file entry.json (JSON, C-alpha atoms)
[["chain", "number", "residue", "atom", "x", "y", "z"],
["A", 5, "MET", "CA", -45.96, 47.76, -15.17],
["A", 6, "GLU", "CA", -46.58, 44.60, -17.17],
["A", 7, "MET", "CA", -44.40, 43.61, -20.15],
["A", 8, "GLU", "CA", -45.75, 41.65, -23.09],
["A", 9, "CYS", "CA", -43.64, 38.87, -24.56],
["A", 10, "SER", "CA", -44.01, 38.27, -28.25],
["A", 11, "SER", "CA", -43.35, 34.79, -29.57],
["A", 12, "MET", "CA", -42.59, 36.17, -33.03],
["A", 13, "SER", "CA", -39.06, 36.88, -34.16],
["A", 14, "ALA", "CA", -37.05, 37.54, -37.30],
["A", 15, "TRP", "CA", -34.35, 35.24, -38.59],
["A", 16, "SER", "CA", -31.78, 35.68, -41.32],
["A", 17, "CYS", "CA", -30.26, 32.51, -42.70],
["A", 18, "PRO", "CA", -26.45, 32.42, -42.88],
["A", 19, "HIS", "CA", -26.73, 29.88, -45.73],
["A", 20, "ASP", "CA", -28.79, 32.21, -47.98],
["A", 21, "LEU", "CA", -26.70, 33.80, -50.71],
["A", 22, "GLU", "CA", -28.81, 35.98, -53.02],
["A", 23, "GLY", "CA", -31.80, 33.64, -52.69],
["A", 24, "ILE", "CA", -29.79, 30.44, -53.25],
["A", 25, "CYS", "CA", -29.30, 28.03, -50.37],
["A", 26, "GLN", "CA", -25.65, 27.14, -49.74],
["A", 27, "ARG", "CA", -26.53, 24.31, -47.36],
["A", 28, "VAL", "CA", -28.85, 22.53, -49.84],
["A", 29, "GLN", "CA", -26.66, 22.99, -52.90],
["A", 30, "GLY", "CA", -28.40, 24.69, -55.81],
["A", 31, "ALA", "CA", -31.84, 25.02, -54.19],
["A", 32, "VAL", "CA", -33.94, 28.16, -53.94],
["A", 33, "CYS", "CA", -33.87, 29.35, -50.32],
["A", 34, "SER", "CA", -37.18, 28.39, -48.73],
["A", 35, "PRO", "CA", -37.09, 28.45, -44.91],
["A", 36, "GLY", "CA", -38.09, 25.10, -43.42],
["A", 37, "MET", "CA", -37.58, 22.95, -46.55],
["A", 38, "ARG", "CA", -35.96, 19.53, -46.23],
["A", 39, "GLY", "CA", -32.27, 20.02, -45.41],
["A", 40, "CYS", "CA", -32.81, 23.55, -44.07],
["A", 41, "GLU", "CA", -31.41, 24.51, -40.68],
["A", 42, "LEU", "CA", -34.93, 25.48, -39.57],
["A", 43, "GLU", "CA", -36.54, 22.18, -40.58],
["A", 44, "GLY", "CA", -38.49, 20.81, -37.60],
["A", 45, "LYS", "CA", -37.12, 23.44, -35.20],
["A", 46, "VAL", "CA", -39.61, 26.26, -35.72],
["A", 47, "ARG", "CA", -43.30, 26.73, -36.38],
["A", 48, "PHE", "CA", -44.34, 29.17, -39.12],
["A", 49, "ALA", "CA", -47.45, 31.37, -39.06],
["A", 50, "ARG", "CA", -48.58, 30.04, -42.46],
["A", 51, "ASP", "CA", -49.68, 26.39, -42.24],
["A", 52, "GLU", "CA", -48.36, 25.47, -45.71],
["A", 53, "MET", "CA", -44.85, 26.42, -44.53],
["A", 54, "ASN", "CA", -45.10, 23.81, -41.75],
["A", 55, "LEU", "CA", -45.65, 20.92, -44.17],
["A", 56, "PRO", "CA", -42.62, 18.89, -45.36],
["A", 57, "ARG", "CA", -41.35, 20.40, -48.61],
["A", 58, "LYS", "CA", -38.77, 19.22, -51.12],
["A", 59, "PRO", "CA", -36.08, 21.70, -52.25],
["A", 60, "VAL", "CA", -36.72, 23.43, -55.58],
["A", 61, "LYS", "CA", -33.76, 23.66, -57.95],
["A", 62, "ALA", "CA", -32.67, 27.23, -58.65],
["A", 63, "ALA", "CA", -32.57, 28.54, -62.22],
["A", 64, "ALA", "CA", -29.13, 28.53, -63.83],
["A", 65, "PRO", "CA", -27.45, 31.95, -63.81],
["A", 66, "ALA", "CA", -27.45, 33.82, -67.09],
["A", 67, "ARG", "CA", -24.26, 33.20, -69.05],
["A", 68, "SER", "CA", -22.46, 35.91, -70.92],
["A", 69, "GLU", "CA", -21.91, 35.61, -74.67],
["A", 70, "LYS", "CA", -18.13, 35.62, -74.34],
["A", 71, "PRO", "CA", -16.55, 32.65, -72.54],
["A", 72, "ALA", "CA", -14.07, 33.46, -69.81],
["A", 73, "GLN", "CA", -10.40, 33.11, -70.70],
["A", 74, "ALA", "CA", -8.52, 30.27, -69.09],
["A", 75, "PRO", "CA", -5.89, 31.45, -66.61],
["A", 76, "ARG", "CA", -2.33, 31.39, -67.90],
["A", 77, "ARG", "CA", -0.29, 28.62, -66.38],
["A", 78, "ARG", "CA", 3.06, 29.43, -64.87],
["A", 79, "LEU", "CA", 5.76, 26.88, -65.37],
["A", 80, "PRO", "CA", 7.63, 25.71, -62.26],
["A", 81, "PHE", "CA", 11.04, 26.61, -63.69]]

call {"tool": "encode", "arguments": {"input": "entry.json", "output": "C-alpha coordinates"}}
result
Amino acid sequence: MEMECSSMSAWSCPHDLEGICQRVQGAVCSPGMRGCELEGKVRFARDEMNLPRKPVKAAAPARSEKPAQAPRRRLPF
(Lines of atoms letter the chains of each structure in order from A and count residues from 1; the text may use other names and numbers.)
(Lines give C-alpha, C1' and ligand atoms only; values in the text may rest on other atoms or scores of the structure.)
Protein backbone atom coordinates (compact mmCIF):
# COMPACT_ATOMS: atom_id res chain seq x y z
CA MET A 1 0.00 0.00 0.00
CA GLU A 2 1.47 3.32 -1.08
CA MET A 3 0.67 6.59 0.73
CA GLU A 4 0.61 9.92 -1.06
CA CYS A 5 2.12 12.95 0.64
CA SER A 6 0.55 16.26 -0.10
CA SER A 7 2.70 19.37 0.11
CA MET A 8 -0.37 21.54 0.68
CA SER A 9 -1.52 22.52 4.13
CA ALA A 10 -3.78 24.98 5.91
CA TRP A 11 -2.54 27.66 8.26
CA SER A 12 -4.38 29.99 10.60
CA CYS A 13 -2.50 33.07 11.69
CA PRO A 14 -2.43 33.75 15.45
CA HIS A 15 -1.94 37.47 14.69
CA ASP A 16 -5.18 37.77 12.64
CA LEU A 17 -7.98 39.39 14.61
CA GLU A 18 -11.13 39.82 12.50
CA GLY A 19 -9.08 40.46 9.35
CA ILE A 20 -6.71 42.96 11.01
CA CYS A 21 -3.08 41.99 11.54
CA GLN A 22 -1.91 42.42 15.14
CA ARG A 23 1.75 41.92 14.23
CA VAL A 24 1.78 44.66 11.55
CA GLN A 25 -0.28 47.20 13.48
CA GLY A 26 -3.35 48.43 11.64
CA ALA A 27 -2.80 46.48 8.41
CA VAL A 28 -5.30 44.27 6.63
CA CYS A 29 -4.25 40.64 7.14
CA SER A 30 -2.64 39.45 3.91
CA PRO A 31 -0.54 36.29 4.36
CA GLY A 32 3.04 36.80 3.20
CA MET A 33 3.08 40.62 3.23
CA ARG A 34 6.12 42.47 4.56
CA GLY A 35 6.26 41.98 8.34
CA CYS A 36 4.08 38.85 8.24
CA GLU A 37 5.22 35.71 10.02
CA LEU A 38 4.97 33.82 6.72
CA GLU A 39 7.09 36.28 4.73
CA GLY A 40 9.86 34.34 2.95
CA LYS A 41 9.06 31.07 4.76
CA VAL A 42 6.39 29.63 2.50
CA ARG A 43 5.53 29.44 -1.18
CA PHE A 44 1.96 30.21 -2.24
CA ALA A 45 0.10 28.55 -5.12
CA ARG A 46 -0.74 31.94 -6.68
CA ASP A 47 2.38 33.65 -8.07
CA GLU A 48 1.22 37.18 -7.16
CA MET A 49 1.18 36.12 -3.49
CA ASN A 50 4.90 35.25 -3.72
CA LEU A 51 5.91 38.79 -4.74
CA PRO A 52 6.99 41.26 -2.02
CA ARG A 53 3.95 43.26 -0.92
CA LYS A 54 3.57 46.30 1.30
CA PRO A 55 0.95 46.19 4.08
CA VAL A 56 -2.37 47.89 3.30
CA LYS A 57 -3.83 50.09 6.04
CA ALA A 58 -7.15 48.82 7.38
CA ALA A 59 -10.23 51.04 7.27
CA ALA A 60 -11.05 52.80 10.53
CA PRO A 61 -13.83 51.09 12.51
CA ALA A 62 -17.22 52.75 12.38
CA ARG A 63 -17.73 55.11 15.30
CA SER A 64 -20.99 55.37 17.16
CA GLU A 65 -22.83 58.69 17.34
CA LYS A 66 -22.57 58.89 21.11
CA PRO A 67 -19.06 59.26 22.58
CA ALA A 68 -18.15 56.87 25.37
CA GLN A 69 -18.27 58.26 28.89
CA ALA A 70 -14.97 58.75 30.65
CA PRO A 71 -14.49 56.39 33.59
CA ARG A 72 -15.09 57.93 37.00
CA ARG A 73 -11.90 58.46 38.91
CA ARG A 74 -11.65 57.20 42.45
CA LEU A 75 -9.75 59.37 44.85
CA PRO A 76 -7.00 57.69 46.88
CA PHE A 77 -8.47 58.80 50.21

call {"tool": "atom_distance", "arguments": {"input": "entry.json", "atom1": "CA of Val32 in chain A", "atom2": "CA of Asn54 in chain A"}}
result
17.1 Å

call {"tool": "atom_distance", "arguments": {"input": "entry.json", "atom1": "CA of Glu41 in chain A", "atom2": "CA of Cys17 in chain A"}}
result
8.3 Å

call {"tool": "atom_distance", "arguments": {"input": "entry.json", "atom1": "CA of Pro35 in chain A", "atom2": "CA of Met53 in chain A"}}
result
8.0 Å

call {"tool": "closest_residue", "arguments": {"input": "entry.json", "among": "A:Leu55, A:Arg38, A:Ala63, A:Lys45", "to": "Gly23 in chain A", "atoms": "only C-alpha atoms"}}
result
A:Ala63

call {"tool": "residues_around", "arguments": {"input": "entry.json", "residues": "Asp20 in chain A", "least_positions_apart": "2", "cutoff": "10 Å", "atoms": "only C-alpha atoms", "output": "mmCIF file with C-alpha atoms, keeping the file's coordinate frame"}}
result
data_model
loop_
_atom_site.group_PDB
_atom_site.id
_atom_site.type_symbol
_atom_site.label_atom_id
_atom_site.label_comp_id
_atom_site.auth_asym_id
_atom_site.auth_seq_id
_atom_site.Cartn_x
_atom_site.Cartn_y
_atom_site.Cartn_z
ATOM 1 C CA SER A 16 -31.780 35.680 -41.320
ATOM 2 C CA CYS A 17 -30.260 32.510 -42.700
ATOM 3 C CA PRO A 18 -26.450 32.420 -42.880
ATOM 4 C CA GLU A 22 -28.810 35.980 -53.020
ATOM 5 C CA GLY A 23 -31.800 33.640 -52.690
ATOM 6 C CA ILE A 24 -29.790 30.440 -53.250
ATOM 7 C CA CYS A 25 -29.300 28.030 -50.370
ATOM 8 C CA GLN A 26 -25.650 27.140 -49.740
ATOM 9 C CA ARG A 27 -26.530 24.310 -47.360
ATOM 10 C CA VAL A 28 -28.850 22.530 -49.840
ATOM 11 C CA ALA A 31 -31.840 25.020 -54.190
ATOM 12 C CA VAL A 32 -33.940 28.160 -53.940
ATOM 13 C CA CYS A 33 -33.870 29.350 -50.320
ATOM 14 C CA SER A 34 -37.180 28.390 -48.730
ATOM 15 C CA PRO A 35 -37.090 28.450 -44.910
#

call {"tool": "closest_residue", "arguments": {"input": "entry.json", "among": "A:Pro59, A:Gly44, A:Pro75, A:Pro80", "to": "Gln29 in chain A", "atoms": "all atoms listed in the file"}}
result
A:Pro59

call {"tool": "closest_residue", "arguments": {"input": "entry.json", "among": "A:Leu21, A:Asp51, A:Lys58, A:Lys70", "to": "Gly39 in chain A", "atoms": "all atoms listed in the file"}}
result
A:Lys58
